[in-house]
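Undergrad: Below you'll find coords-v9.tsv; it's TSV, C-alpha atoms and all ligand atoms.
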chain	number	residue	atom	x	y	z
A	1	MET	CA	134.47	92.82	149.67
A	2	SER	CA	132.20	89.97	148.62
A	3	ASP	CA	129.87	90.41	145.64
A	4	ALA	CA	126.90	90.53	147.97
A	5	ALA	CA	128.35	93.63	149.63
A	6	LEU	CA	128.83	95.54	146.34
A	7	PRO	CA	126.36	98.34	145.69
A	8	ALA	CA	123.69	97.23	143.17
A	9	GLN	CA	124.87	99.77	140.62
A	10	ALA	CA	128.50	98.62	140.62
A	11	SER	CA	127.40	95.07	140.00
A	12	HIS	CA	125.16	96.33	137.15
A	13	GLU	CA	128.25	97.78	135.53
A	14	ALA	CA	130.22	94.57	136.01
A	15	ASP	CA	127.31	92.56	134.55
A	16	ILE	CA	127.13	94.84	131.51
A	17	LEU	CA	130.88	94.57	130.90
A	18	SER	CA	130.88	90.82	131.07
A	19	ALA	CA	127.79	90.52	128.81
A	20	LEU	CA	129.34	92.92	126.28
A	21	GLY	CA	132.50	90.92	125.70
A	22	ALA	CA	134.29	92.57	122.76
A	23	ARG	CA	131.17	94.44	121.65
A	24	SER	CA	131.03	98.21	121.93
A	25	ILE	CA	128.29	100.61	122.94
A	26	VAL	CA	127.45	102.99	120.11
A	27	LEU	CA	125.51	106.22	120.58
A	28	VAL	CA	123.49	107.36	117.61
A	29	GLY	CA	121.09	110.25	117.04
A	30	MET	CA	120.77	113.76	115.75
A	31	MET	CA	123.28	116.58	116.13
A	32	GLY	CA	122.99	118.23	119.52
A	33	VAL	CA	121.42	115.34	121.44
A	34	GLY	CA	124.52	114.92	123.62
A	35	LYS	CA	126.15	111.79	122.16
A	36	SER	CA	129.67	112.90	123.07
A	37	THR	CA	128.82	114.29	126.51
A	38	ILE	CA	126.75	111.29	127.54
A	39	GLY	CA	129.16	108.88	125.83
A	40	ARG	CA	132.15	110.23	127.74
A	41	ARG	CA	130.35	109.87	131.07
A	42	LEU	CA	128.95	106.46	130.22
A	43	ALA	CA	132.45	105.28	129.30
A	44	ALA	CA	133.83	106.58	132.61
A	45	ARG	CA	131.12	104.73	134.52
A	46	LEU	CA	131.86	101.49	132.69
A	47	LYS	CA	135.62	102.09	132.75
A	48	LEU	CA	135.75	101.72	128.97
A	49	PRO	CA	137.65	103.94	126.55
A	50	PHE	CA	135.55	106.68	124.93
A	51	VAL	CA	135.96	107.44	121.24
A	52	ASP	CA	134.29	110.11	119.18
A	53	ALA	CA	133.92	109.22	115.50
A	54	ASP	CA	133.94	112.87	114.35
A	55	THR	CA	137.21	113.54	116.21
A	56	GLU	CA	138.75	110.40	114.71
A	57	ILE	CA	137.64	111.41	111.20
A	58	GLU	CA	139.23	114.82	111.68
A	59	ALA	CA	142.46	113.22	112.91
A	60	ALA	CA	142.53	110.78	109.98
A	61	ALA	CA	141.89	113.57	107.46
A	62	GLY	CA	144.16	116.12	109.14
A	63	MET	CA	141.41	118.74	108.86
A	64	THR	CA	138.19	119.78	110.51
A	65	ILE	CA	134.77	118.53	109.43
A	66	PRO	CA	133.79	121.91	107.91
A	67	GLU	CA	137.06	121.80	105.93
A	68	ILE	CA	136.36	118.25	104.70
A	69	PHE	CA	132.88	119.31	103.54
A	70	GLU	CA	134.20	122.45	101.90
A	71	ARG	CA	137.18	120.92	100.12
A	72	HIS	CA	135.89	117.45	99.26
A	73	GLY	CA	132.11	117.48	99.72
A	74	GLU	CA	129.70	115.52	101.90
A	75	GLN	CA	130.08	112.24	100.00
A	76	HIS	CA	133.80	112.15	100.70
A	77	PHE	CA	133.11	112.81	104.39
A	78	ARG	CA	130.51	110.01	104.47
A	79	ASP	CA	132.90	107.50	102.90
A	80	GLY	CA	135.57	108.38	105.44
A	81	GLU	CA	132.99	108.08	108.21
A	82	VAL	CA	132.10	104.51	107.17
A	83	ARG	CA	135.78	103.49	107.19
A	84	VAL	CA	136.63	105.15	110.48
A	85	ILE	CA	133.63	103.65	112.30
A	86	ALA	CA	134.47	100.19	110.90
A	87	ARG	CA	137.98	100.54	112.27
A	88	LEU	CA	136.83	101.78	115.67
A	89	LEU	CA	134.38	98.88	116.01
A	90	GLU	CA	137.26	96.45	115.51
A	91	GLY	CA	138.88	97.82	118.67
A	92	GLY	CA	136.02	97.13	121.08
A	93	PRO	CA	134.83	97.24	123.68
A	94	VAL	CA	134.63	101.04	123.64
A	95	VAL	CA	131.89	103.60	123.99
A	96	LEU	CA	131.60	105.24	120.57
A	97	ALA	CA	129.77	108.48	119.80
A	98	THR	CA	128.87	108.71	116.11
A	99	GLY	CA	128.07	111.78	114.00
A	100	GLY	CA	124.37	112.34	113.36
A	101	GLY	CA	124.42	111.01	109.80
A	102	ALA	CA	126.50	107.87	110.39
A	103	PHE	CA	123.67	105.48	111.26
A	104	MET	CA	121.90	106.38	107.99
A	105	ARG	CA	124.38	104.24	106.05
A	106	GLU	CA	123.15	100.65	105.81
A	107	GLU	CA	126.69	99.34	105.83
A	108	THR	CA	127.46	101.11	109.11
A	109	ARG	CA	124.17	100.00	110.67
A	110	SER	CA	124.84	96.34	109.97
A	111	ARG	CA	128.38	96.64	111.23
A	112	ILE	CA	127.10	98.24	114.44
A	113	ALA	CA	124.45	95.50	114.78
A	114	ALA	CA	127.17	92.85	114.52
A	115	LYS	CA	129.73	94.46	116.79
A	116	ALA	CA	127.90	96.68	119.25
A	117	ILE	CA	124.81	97.58	121.20
A	118	SER	CA	123.32	100.78	119.83
A	119	ILE	CA	121.59	103.49	121.84
A	120	TRP	CA	119.53	106.20	120.16
A	121	LEU	CA	119.65	109.40	122.17
A	122	LYS	CA	116.36	110.94	121.18
A	123	ALA	CA	115.62	114.61	121.78
A	124	ASP	CA	112.77	116.93	120.87
A	125	PRO	CA	113.38	119.34	117.96
A	126	ASP	CA	113.28	122.40	120.23
A	127	VAL	CA	115.99	120.91	122.50
A	128	ILE	CA	118.09	120.11	119.42
A	129	MET	CA	117.64	123.61	118.00
A	130	ARG	CA	118.58	125.24	121.28
A	131	ARG	CA	121.77	123.21	121.46
A	132	VAL	CA	122.91	123.39	117.84
A	133	ARG	CA	122.47	127.17	117.80
A	134	ARG	CA	125.41	127.44	120.20
A	135	ARG	CA	127.92	126.16	117.62
A	136	ALA	CA	128.60	127.00	113.99
A	137	ASP	CA	130.71	123.95	113.11
A	138	ARG	CA	128.02	121.80	111.54
A	139	PRO	CA	128.13	122.23	107.77
A	140	LEU	CA	124.68	120.72	107.22
A	141	LEU	CA	123.12	123.52	109.27
A	142	GLN	CA	124.78	126.39	107.40
A	143	THR	CA	121.52	127.02	105.56
A	144	ALA	CA	119.13	129.97	105.37
A	145	ASP	CA	116.67	128.05	107.54
A	146	PRO	CA	118.52	125.80	110.04
A	147	GLU	CA	115.28	125.05	111.87
A	148	GLY	CA	113.66	123.80	108.68
A	149	THR	CA	116.78	121.74	107.98
A	150	VAL	CA	116.65	120.12	111.43
A	151	THR	CA	112.95	119.32	110.95
A	152	ARG	CA	113.60	117.78	107.52
A	153	LEU	CA	116.57	115.75	108.76
A	154	LEU	CA	114.57	114.49	111.75
A	155	THR	CA	111.73	113.36	109.48
A	156	GLU	CA	114.20	111.43	107.32
A	157	ARG	CA	116.31	110.08	110.14
A	158	GLU	CA	114.07	109.24	113.08
A	159	PRO	CA	112.64	106.04	111.52
A	160	VAL	CA	116.23	104.89	110.98
A	161	TYR	CA	117.51	105.91	114.42
A	162	GLY	CA	114.55	103.90	115.73
A	163	LYS	CA	116.32	100.73	114.54
A	164	ALA	CA	118.86	101.13	117.37
A	165	ASP	CA	118.71	98.46	120.07
A	166	LEU	CA	117.74	100.94	122.78
A	167	THR	CA	116.22	104.41	122.91
A	168	ILE	CA	116.90	106.90	125.69
A	169	ALA	CA	115.17	110.28	125.91
A	170	SER	CA	117.79	113.04	125.97
A	171	ARG	CA	116.30	116.08	127.65
A	172	GLU	CA	117.14	119.01	129.89
A	173	VAL	CA	117.99	117.03	133.02
A	174	PRO	CA	121.42	116.49	134.60
A	175	HIS	CA	123.65	114.40	132.33
A	176	ASP	CA	124.16	111.82	135.03
A	177	LYS	CA	120.45	111.02	134.97
A	178	ILE	CA	120.66	110.14	131.27
A	179	VAL	CA	123.77	108.06	132.00
A	180	GLU	CA	121.95	106.28	134.82
A	181	GLU	CA	119.02	105.49	132.53
A	182	SER	CA	121.42	104.21	129.89
A	183	ILE	CA	123.07	101.88	132.43
A	184	GLU	CA	119.64	100.59	133.51
A	185	ALA	CA	118.52	100.05	129.90
A	186	LEU	CA	121.79	98.29	128.97
A	187	HIS	CA	121.54	96.05	131.99
A	188	GLU	CA	117.98	95.09	131.23
A	189	TYR	CA	118.77	94.52	127.54
A	190	LEU	CA	121.97	92.56	128.04
A	191	CYS	CA	121.36	90.79	131.29
A	192	GLY	CA	117.58	90.37	131.14
A	193	GLU	CA	117.18	90.93	134.83
A	194	GLN	CA	113.72	92.44	134.67
A	195	PRO	CA	111.02	89.78	134.95
A	196	ALA	CA	108.32	89.96	132.28
A	197	PRO	CA	105.59	92.36	133.42
A	198	PRO	CA	102.49	90.68	134.87
A	199	PRO	CA	99.58	90.33	132.44
A	200	PRO	CA	96.96	93.10	132.58
A	201	GLN	CA	94.18	92.53	135.12
A	202	ALA	CA	91.58	91.59	132.49
A	203	ASP	CA	93.84	88.75	131.24
A	204	VAL	CA	94.42	87.49	134.76
A	205	ALA	CA	90.66	87.38	135.32
A	206	SER	CA	90.02	85.49	132.09
A	207	ALA	CA	92.92	83.09	132.83
A	208	VAL	CA	91.39	82.27	136.24
A	209	ARG	CA	87.96	81.65	134.80
A	301	LIG	C1	126.38	115.39	110.98
A	301	LIG	C2	126.61	115.48	112.33
A	301	LIG	C3	127.90	115.93	112.90
A	301	LIG	C4	129.05	115.66	111.93
A	301	LIG	C5	128.74	116.24	110.59
A	301	LIG	C6	127.45	115.69	109.97
A	301	LIG	C7	125.05	114.93	110.50
A	301	LIG	O1	128.15	115.23	114.12
A	301	LIG	O2	129.27	114.28	111.80
A	301	LIG	O3	128.65	117.64	110.75
A	301	LIG	O4	124.94	114.52	109.34
A	301	LIG	O5	124.10	114.96	111.31
A	301	LIG	P1	127.31	115.49	115.49
A	301	LIG	O6	126.06	114.67	115.42
A	301	LIG	O7	128.24	114.99	116.55
A	301	LIG	O8	127.07	116.95	115.57
Reformat the file's structure so that it appears as structure tokens.
TA:
Amino acid sequence: MSDAALPAQASHEADILSALGARSIVLVGMMGVGKSTIGRRLAARLKLPFVDADTEIEAAAGMTIPEIFERHGEQHFRDGEVRVIARLLEGGPVVLATGGGAFMREETRSRIAAKAISIWLKADPDVIMRRVRRRADRPLLQTADPEGTVTRLLTEREPVYGKADLTIASREVPHDKIVEESIEALHEYLCGEQPAPPPPQADVASAVR
């Protein structure tokens, strides 16, 4: 089949892969926004390996994240997180889902900027709360007021997540829609296909004058 006969979407994926080179795609954002679910599907679409930083940290430590927090404390977990993400970024291209606090570390952010394209999956607090309530394996939310904790963390973190290269709204729609939007955004960002939007009407009028 010639390139001209390929569906537009398949060629989008091929374009993204060739523009990426050895760089990875890194998903960042708060707990419960769907980084692993979307990441796994995005990886399948791009035919890239999917890696989950939290799973890799657990494998490296030989214990679960709640156990790491309980036995060694958050700081120890964060230090391990920096090292594991650095290692995973050396093995690109992959699609990498990071834990919600990972992008807060300057060192990790600059490493991601150098070796990857970052996507912030951004969700509303009520969507996050609904999703995180289903699981009890997030040590940071084992507080008397998990909702208040989510609100506080979002206030601290959203300005930092906003430094990601791309932002995609994660919401209650089929996962494949979010994946599709991610593919579109990556293609536009990496391959610059979209022409610059035309100037607003008022500008056109003044330019003609
Ligand atoms: C954390 C998020 C978790 C995990 C750890 C800390 C955070 O990952 O890394 O519990 O600081 O937001 P998910 O974002 O995958 O839940």
Undergrad: Taking all atoms listed in the file into account, which of A:Gly100, A:Pro174, A:Gly92, A:Pro159 comes nearest Leu27 of chain A?
TA: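 Counting all atoms listed in the file, the residue closest to Leu27 of chain A is A:Gly100.
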Undergrad: Quick one: residues within 6 Å of ligand LIG 301 (chain A), with only C-alpha atoms and all ligand atoms, as a ChimeraX atom specification?
TA: /A:30-32,54,99-101,138-139
Undergrad: Could you tell me how far atom CA of Glu90 of chain A sits from atom CA of Lys115 of chain A, in Å to one decimal place?
TA: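 Interatomic distance here is 7.9 Å.
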Undergrad: Near Pro125 of chain A, within 8 Å and counting only C-alpha atoms, which residues show up once chain neighbours fewer than 6 positions away are dropped, as a PyMOL selection string?
TA: chain A and resi 150-151+154
Undergrad: I need the residue nearest Arg105 of chain A from this list: A:Leu141, A:Ile16, A:Ala60, A:Arg157. Use all atoms listed in the file for the distance.
TA: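 Residue with the minimum atom-to-atom distance to Arg105 of chain A: A:Arg157.
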Undergrad: Choose the residue, out of A:Gly29, A:Arg171, A:Arg130, A:Ala10, that has the smallest atom-to-atom separation from Leu153 of chain A; count only C-alpha atoms.
TA: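 Ranking A:Gly29, A:Arg171, A:Arg130, A:Ala10 by distance to Leu153 of chain A, first place goes to A:Gly29.
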Undergrad: Quick one: segment 44-88 of chain A with N, CA and C atoms, as a tab-separated table (two decimals), in the first residue's frame?
TA:
chain	number	residue	atom	x	y	z
A	44	ALA	N	-0.04	1.44	22.88
A	44	ALA	CA	-0.51	0.42	21.92
A	44	ALA	C	-0.73	1.07	20.56
A	45	ARG	N	-1.33	2.25	20.55
A	45	ARG	CA	-1.58	2.93	19.28
A	45	ARG	C	-0.29	3.25	18.55
A	46	LEU	N	0.73	3.66	19.34
A	46	LEU	CA	2.00	4.07	18.71
A	46	LEU	C	2.96	2.89	18.56
A	47	LYS	N	2.52	1.73	19.04
A	47	LYS	CA	3.37	0.52	19.03
A	47	LYS	C	4.70	0.77	19.75
A	48	LEU	N	4.58	1.44	20.89
A	48	LEU	CA	5.74	1.68	21.76
A	48	LEU	C	5.54	0.88	23.05
A	49	PRO	N	6.63	0.53	23.74
A	49	PRO	CA	6.45	-0.11	25.04
A	49	PRO	C	5.80	0.87	26.03
A	50	PHE	N	4.99	0.35	26.95
A	50	PHE	CA	4.42	1.17	28.01
A	50	PHE	C	5.13	0.85	29.31
A	51	VAL	N	5.54	1.88	30.05
A	51	VAL	CA	6.10	1.63	31.38
A	51	VAL	C	5.44	2.54	32.40
A	52	ASP	N	5.23	1.97	33.57
A	52	ASP	CA	4.58	2.69	34.66
A	52	ASP	C	5.63	2.90	35.75
A	53	ALA	N	5.93	4.17	36.04
A	53	ALA	CA	7.02	4.45	36.99
A	53	ALA	C	6.72	3.85	38.36
A	54	ASP	N	5.46	3.93	38.82
A	54	ASP	CA	5.14	3.39	40.15
A	54	ASP	C	5.42	1.88	40.21
A	55	THR	N	5.02	1.17	39.14
A	55	THR	CA	5.25	-0.28	39.10
A	55	THR	C	6.74	-0.58	39.13
A	56	GLU	N	7.51	0.21	38.38
A	56	GLU	CA	8.97	0.01	38.33
A	56	GLU	C	9.61	0.30	39.69
A	57	ILE	N	9.10	1.32	40.38
A	57	ILE	CA	9.64	1.65	41.72
A	57	ILE	C	9.36	0.48	42.67
A	58	GLU	N	8.15	-0.05	42.59
A	58	GLU	CA	7.80	-1.18	43.46
A	58	GLU	C	8.69	-2.39	43.16
A	59	ALA	N	8.94	-2.63	41.86
A	59	ALA	CA	9.79	-3.77	41.50
A	59	ALA	C	11.21	-3.55	42.01
A	60	ALA	N	11.73	-2.32	41.86
A	60	ALA	CA	13.10	-2.04	42.28
A	60	ALA	C	13.23	-2.17	43.80
A	61	ALA	N	12.17	-1.76	44.52
A	61	ALA	CA	12.24	-1.78	45.99
A	61	ALA	C	11.84	-3.14	46.55
A	62	GLY	N	11.16	-3.95	45.75
A	62	GLY	CA	10.67	-5.23	46.24
A	62	GLY	C	9.57	-5.07	47.27
A	63	MET	N	8.86	-3.94	47.22
A	63	MET	CA	7.69	-3.75	48.10
A	63	MET	C	6.73	-2.76	47.47
A	64	THR	N	5.54	-2.69	48.02
A	64	THR	CA	4.52	-1.81	47.44
A	64	THR	C	4.80	-0.36	47.86
A	65	ILE	N	4.14	0.57	47.17
A	65	ILE	CA	4.33	1.98	47.52
A	65	ILE	C	3.87	2.27	48.96
A	66	PRO	N	2.70	1.78	49.39
A	66	PRO	CA	2.35	2.02	50.81
A	66	PRO	C	3.42	1.48	51.76
A	67	GLU	N	4.02	0.32	51.42
A	67	GLU	CA	5.08	-0.21	52.29
A	67	GLU	C	6.31	0.69	52.29
A	68	ILE	N	6.67	1.21	51.11
A	68	ILE	CA	7.85	2.10	51.06
A	68	ILE	C	7.60	3.33	51.95
A	69	PHE	N	6.40	3.92	51.81
A	69	PHE	CA	6.07	5.10	52.63
A	69	PHE	C	6.12	4.75	54.12
A	70	GLU	N	5.55	3.60	54.44
A	70	GLU	CA	5.44	3.24	55.86
A	70	GLU	C	6.81	2.93	56.46
A	71	ARG	N	7.62	2.18	55.73
A	71	ARG	CA	8.90	1.75	56.31
A	71	ARG	C	9.99	2.80	56.20
A	72	HIS	N	9.99	3.55	55.09
A	72	HIS	CA	11.13	4.45	54.83
A	72	HIS	C	10.75	5.91	54.72
A	73	GLY	N	9.46	6.21	54.57
A	73	GLY	CA	9.03	7.61	54.50
A	73	GLY	C	8.95	8.12	53.06
A	74	GLU	N	8.26	9.26	52.91
A	74	GLU	CA	8.03	9.81	51.57
A	74	GLU	C	9.34	10.22	50.87
A	75	GLN	N	10.26	10.81	51.65
A	75	GLN	CA	11.50	11.29	51.04
A	75	GLN	C	12.26	10.17	50.33
A	76	HIS	N	12.30	9.03	50.98
A	76	HIS	CA	12.98	7.86	50.42
A	76	HIS	C	12.29	7.44	49.12
A	77	PHE	N	10.95	7.44	49.15
A	77	PHE	CA	10.19	7.11	47.94
A	77	PHE	C	10.53	8.09	46.82
A	78	ARG	N	10.56	9.40	47.16
A	78	ARG	CA	10.82	10.42	46.14
A	78	ARG	C	12.21	10.26	45.52
A	79	ASP	N	13.19	9.94	46.34
A	79	ASP	CA	14.55	9.76	45.82
A	79	ASP	C	14.61	8.57	44.86
A	80	GLY	N	13.92	7.50	45.24
A	80	GLY	CA	13.85	6.33	44.36
A	80	GLY	C	13.14	6.67	43.06
A	81	GLU	N	12.10	7.48	43.18
A	81	GLU	CA	11.31	7.88	42.01
A	81	GLU	C	12.17	8.65	41.00
A	82	VAL	N	13.00	9.55	41.50
A	82	VAL	CA	13.90	10.31	40.62
A	82	VAL	C	14.82	9.36	39.86
A	83	ARG	N	15.40	8.40	40.59
A	83	ARG	CA	16.36	7.48	39.96
A	83	ARG	C	15.68	6.57	38.94
A	84	VAL	N	14.53	6.05	39.31
A	84	VAL	CA	13.84	5.11	38.41
A	84	VAL	C	13.42	5.84	37.12
A	85	ILE	N	12.88	7.04	37.25
A	85	ILE	CA	12.44	7.78	36.05
A	85	ILE	C	13.65	8.12	35.17
A	86	ALA	N	14.76	8.48	35.79
A	86	ALA	CA	15.98	8.77	35.01
A	86	ALA	C	16.38	7.53	34.21
A	87	ARG	N	16.33	6.39	34.84
A	87	ARG	CA	16.70	5.15	34.15
A	87	ARG	C	15.72	4.85	33.01
A	88	LEU	N	14.44	5.01	33.27
A	88	LEU	CA	13.44	4.68	32.25
A	88	LEU	C	13.57	5.61	31.04
